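S.K.: Have a look at the structure that comes next, please.
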Amino acid sequence: MKPPDIKSSALHSINNHNKAFPKKGKPFHLPGLLTALADFIYPPVCALCSGRLDDEMFLCGDCFHQLEQAIHVCAAYRPSDFVHLQEPILFHRAVTCFHFDPDIEQLIHEVKYNHRKKMGRFFGRLMARILADEIKPEFDLIVPVPLHTIRYRERGYNQSEALARGFAQERGLFVRTDCLKRVLHTKTQTMLSGKERQDNVREAFSVRKEKLCKGKRILLVDDVITTGATINGCARALKAAGANRITALALARPVLV
């Protein structure tokens, strides 16, 4: 599939949407002034190469070109695509749009741990454009994979929610953060084996309001899909509440051995 011209659309539209200075004739805007002052003291730099940026994009031209080369739309439909799951697969399919290469890994790390919520929304909008042919506007609601309240306090926001809101903004859909909750404060999945990931999140999620889910087609959004254990744990709770069909969406998926 030939990706759309994302550099001239998603990237530039977000750049134009997030200007720091208020326009002439607009009321005085203190947050905008503080942002401009911060940019003067700490000039914006590329999230990958740390080169100086002349505008409010997150990436320089060279690094954006590298990102374009990493686009790899993958739509996994078969149980054999999730061989590390030793339990029934409860989501209909999972779609990702990037190779999980070192650049993508670094950008996801920036979004998750370095307070780059705006960059998360940017990538959500980017995914909406890249996956225009793969993900049709057939969903009733978008649900981000939730963080436990302890981890939410640590980070200050949910990176999956930032992605979901960017995607929803581009598609004109609704994000529901009051649908699904994380009831167990589980350890990070990063260093766990496939079975350990599965056991770690099996009962980690529950539904807040069943009436929101019953009969609904849900787009479940996360930053990375690895074995599929987390999205399957979410799908289990959503299915138990009567959800009709669940599609998972993430920025990337690593190659598993």
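Quick note on naming: the chains in the structure tokens go A, B, ... in the order shown, residues restart at 1 in each chain, and ligands are numbered from 1 in order of appearance.
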Would you please extract all strand (DSSP E or B) residues from stretch 18-249 of chain A, as assigned by DSSP on the backbone, and give them as a ChimeraX atom specification?

M.R.: /A:45,52,71-76,93-99,141-144,175,180-182,205-207,217-224,245-249

S.K.: I'd like to know which residues of stretch 35-167 of chain A are alpha helix (DSSP H) (by DSSP, run on the backbone); could you write them as a VMD selection string?

M.R.: chain A and resid 35 to 41 61 to 69 102 to 113 117 to 130 149 to 155 159 to 167

S.K.: Write to file, as a compact mmCIF listing (two decimals), in the first residue's frame, the residues of the selection just made, with C-alpha atoms.

M.R.:
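Contents of selection-v8.txt, as written:
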# COMPACT_ATOMS: atom_id res chain seq x y z
CA THR A 35 5.65 28.56 25.75
CA ALA A 36 7.34 31.12 23.51
CA LEU A 37 9.66 32.15 26.36
CA ALA A 38 10.55 28.52 27.06
CA ASP A 39 11.30 28.00 23.37
CA PHE A 40 13.61 31.03 23.44
CA ILE A 41 15.54 29.75 26.46
CA GLY A 61 13.38 16.99 7.64
CA ASP A 62 16.02 14.24 7.56
CA CYS A 63 14.55 12.38 10.52
CA PHE A 64 11.05 12.70 9.13
CA HIS A 65 12.29 11.10 5.93
CA GLN A 66 13.70 8.22 8.00
CA LEU A 67 10.31 7.88 9.68
CA GLU A 68 8.61 7.64 6.31
CA GLN A 69 10.92 4.76 5.41
CA PRO A 102 15.45 2.00 17.13
CA ASP A 103 14.02 5.33 15.90
CA ILE A 104 10.43 4.32 16.59
CA GLU A 105 11.46 2.88 19.94
CA GLN A 106 13.10 6.22 20.86
CA LEU A 107 10.05 8.23 19.79
CA ILE A 108 7.70 6.01 21.79
CA HIS A 109 10.02 6.35 24.78
CA GLU A 110 9.83 10.15 24.39
CA VAL A 111 6.04 10.05 24.37
CA LYS A 112 5.78 7.72 27.37
CA TYR A 113 8.48 8.96 29.72
CA LYS A 117 1.86 14.33 25.22
CA LYS A 118 1.51 16.63 22.20
CA MET A 119 3.82 14.36 20.25
CA GLY A 120 1.56 11.45 21.18
CA ARG A 121 -1.41 13.26 19.68
CA PHE A 122 0.66 14.06 16.61
CA PHE A 123 1.38 10.35 16.10
CA GLY A 124 -2.29 9.54 16.62
CA ARG A 125 -3.21 11.90 13.78
CA LEU A 126 -0.41 10.49 11.68
CA MET A 127 -1.74 6.95 12.19
CA ALA A 128 -5.20 8.07 11.15
CA ARG A 129 -3.80 9.26 7.81
CA ILE A 130 -1.46 6.35 7.20
CA THR A 149 -3.86 5.30 38.76
CA ILE A 150 -0.42 4.90 40.36
CA ARG A 151 1.35 4.91 36.99
CA TYR A 152 -0.90 7.70 35.74
CA ARG A 153 0.23 9.89 38.63
CA GLU A 154 3.86 9.07 37.88
CA ARG A 155 3.59 10.10 34.20
CA GLN A 159 0.32 7.89 26.28
CA SER A 160 -2.31 5.59 24.76
CA GLU A 161 -4.98 8.20 25.41
CA ALA A 162 -2.83 10.84 23.67
CA LEU A 163 -2.57 8.58 20.61
CA ALA A 164 -6.30 7.84 20.72
CA ARG A 165 -7.23 11.52 20.94
CA GLY A 166 -5.02 12.40 17.99
CA PHE A 167 -6.55 9.58 15.94

S.K.: Pick the closest to A:Thr230 from A:Glu203, A:Glu170, A:Leu48, A:Arg116: which is it, counting only C-alpha atoms?

M.R.: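 When distances to A:Thr230 are compared using only C-alpha atoms, the smallest one comes from A:Glu203.
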
S.K.: Could you tell me which of A:Ala47, A:Val221, A:Val207, A:Val255 comes closest to A:Lys239 if we count only C-alpha atoms?

M.R.: A:Val207

S.K.: Tell me, as a ChimeraX atom specification, which residues lie within 8 Å of A:Ile225, counting only C-alpha atoms; anything in the same chain fewer than 2 positions away does not count.

M.R.: /A:96,222-223,227-228,230-231,250,252-254

S.K.: Dump N, CA and C atoms for the selected residues as a tab-separated table (two decimals), in the first residue's frame?

M.R.:
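Result went into again33.tsv, see below:
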chain	number	residue	atom	x	y	z
A	96	THR	N	-0.97	-2.27	13.05
A	96	THR	CA	0.13	-1.37	13.41
A	96	THR	C	0.66	-0.73	12.14
A	222	ASP	N	-3.30	1.34	21.75
A	222	ASP	CA	-2.12	1.24	22.62
A	222	ASP	C	-0.92	1.77	21.85
A	223	ASP	N	0.21	1.93	22.53
A	223	ASP	CA	1.40	2.43	21.84
A	223	ASP	C	2.13	1.32	21.09
A	227	THR	N	3.25	-9.24	22.29
A	227	THR	CA	2.64	-10.57	22.19
A	227	THR	C	1.14	-10.48	21.98
A	228	GLY	N	0.55	-9.36	22.33
A	228	GLY	CA	-0.90	-9.21	22.25
A	228	GLY	C	-1.58	-9.45	23.60
A	230	THR	N	-1.66	-7.64	26.42
A	230	THR	CA	-2.37	-6.50	27.00
A	230	THR	C	-3.69	-6.23	26.29
A	231	ILE	N	-3.66	-6.20	24.96
A	231	ILE	CA	-4.91	-5.92	24.25
A	231	ILE	C	-5.90	-7.07	24.42
A	250	ALA	N	-2.08	0.10	17.20
A	250	ALA	CA	-0.87	0.57	17.89
A	250	ALA	C	0.10	1.16	16.88
A	252	ALA	N	3.35	0.48	16.68
A	252	ALA	CA	4.34	-0.48	16.17
A	252	ALA	C	4.21	-1.82	16.85
A	253	ARG	N	4.82	-2.81	16.22
A	253	ARG	CA	4.95	-4.14	16.81
A	253	ARG	C	6.34	-4.69	16.47
A	254	PRO	N	7.08	-5.13	17.48
A	254	PRO	CA	8.39	-5.70	17.19
A	254	PRO	C	8.28	-7.08	16.55
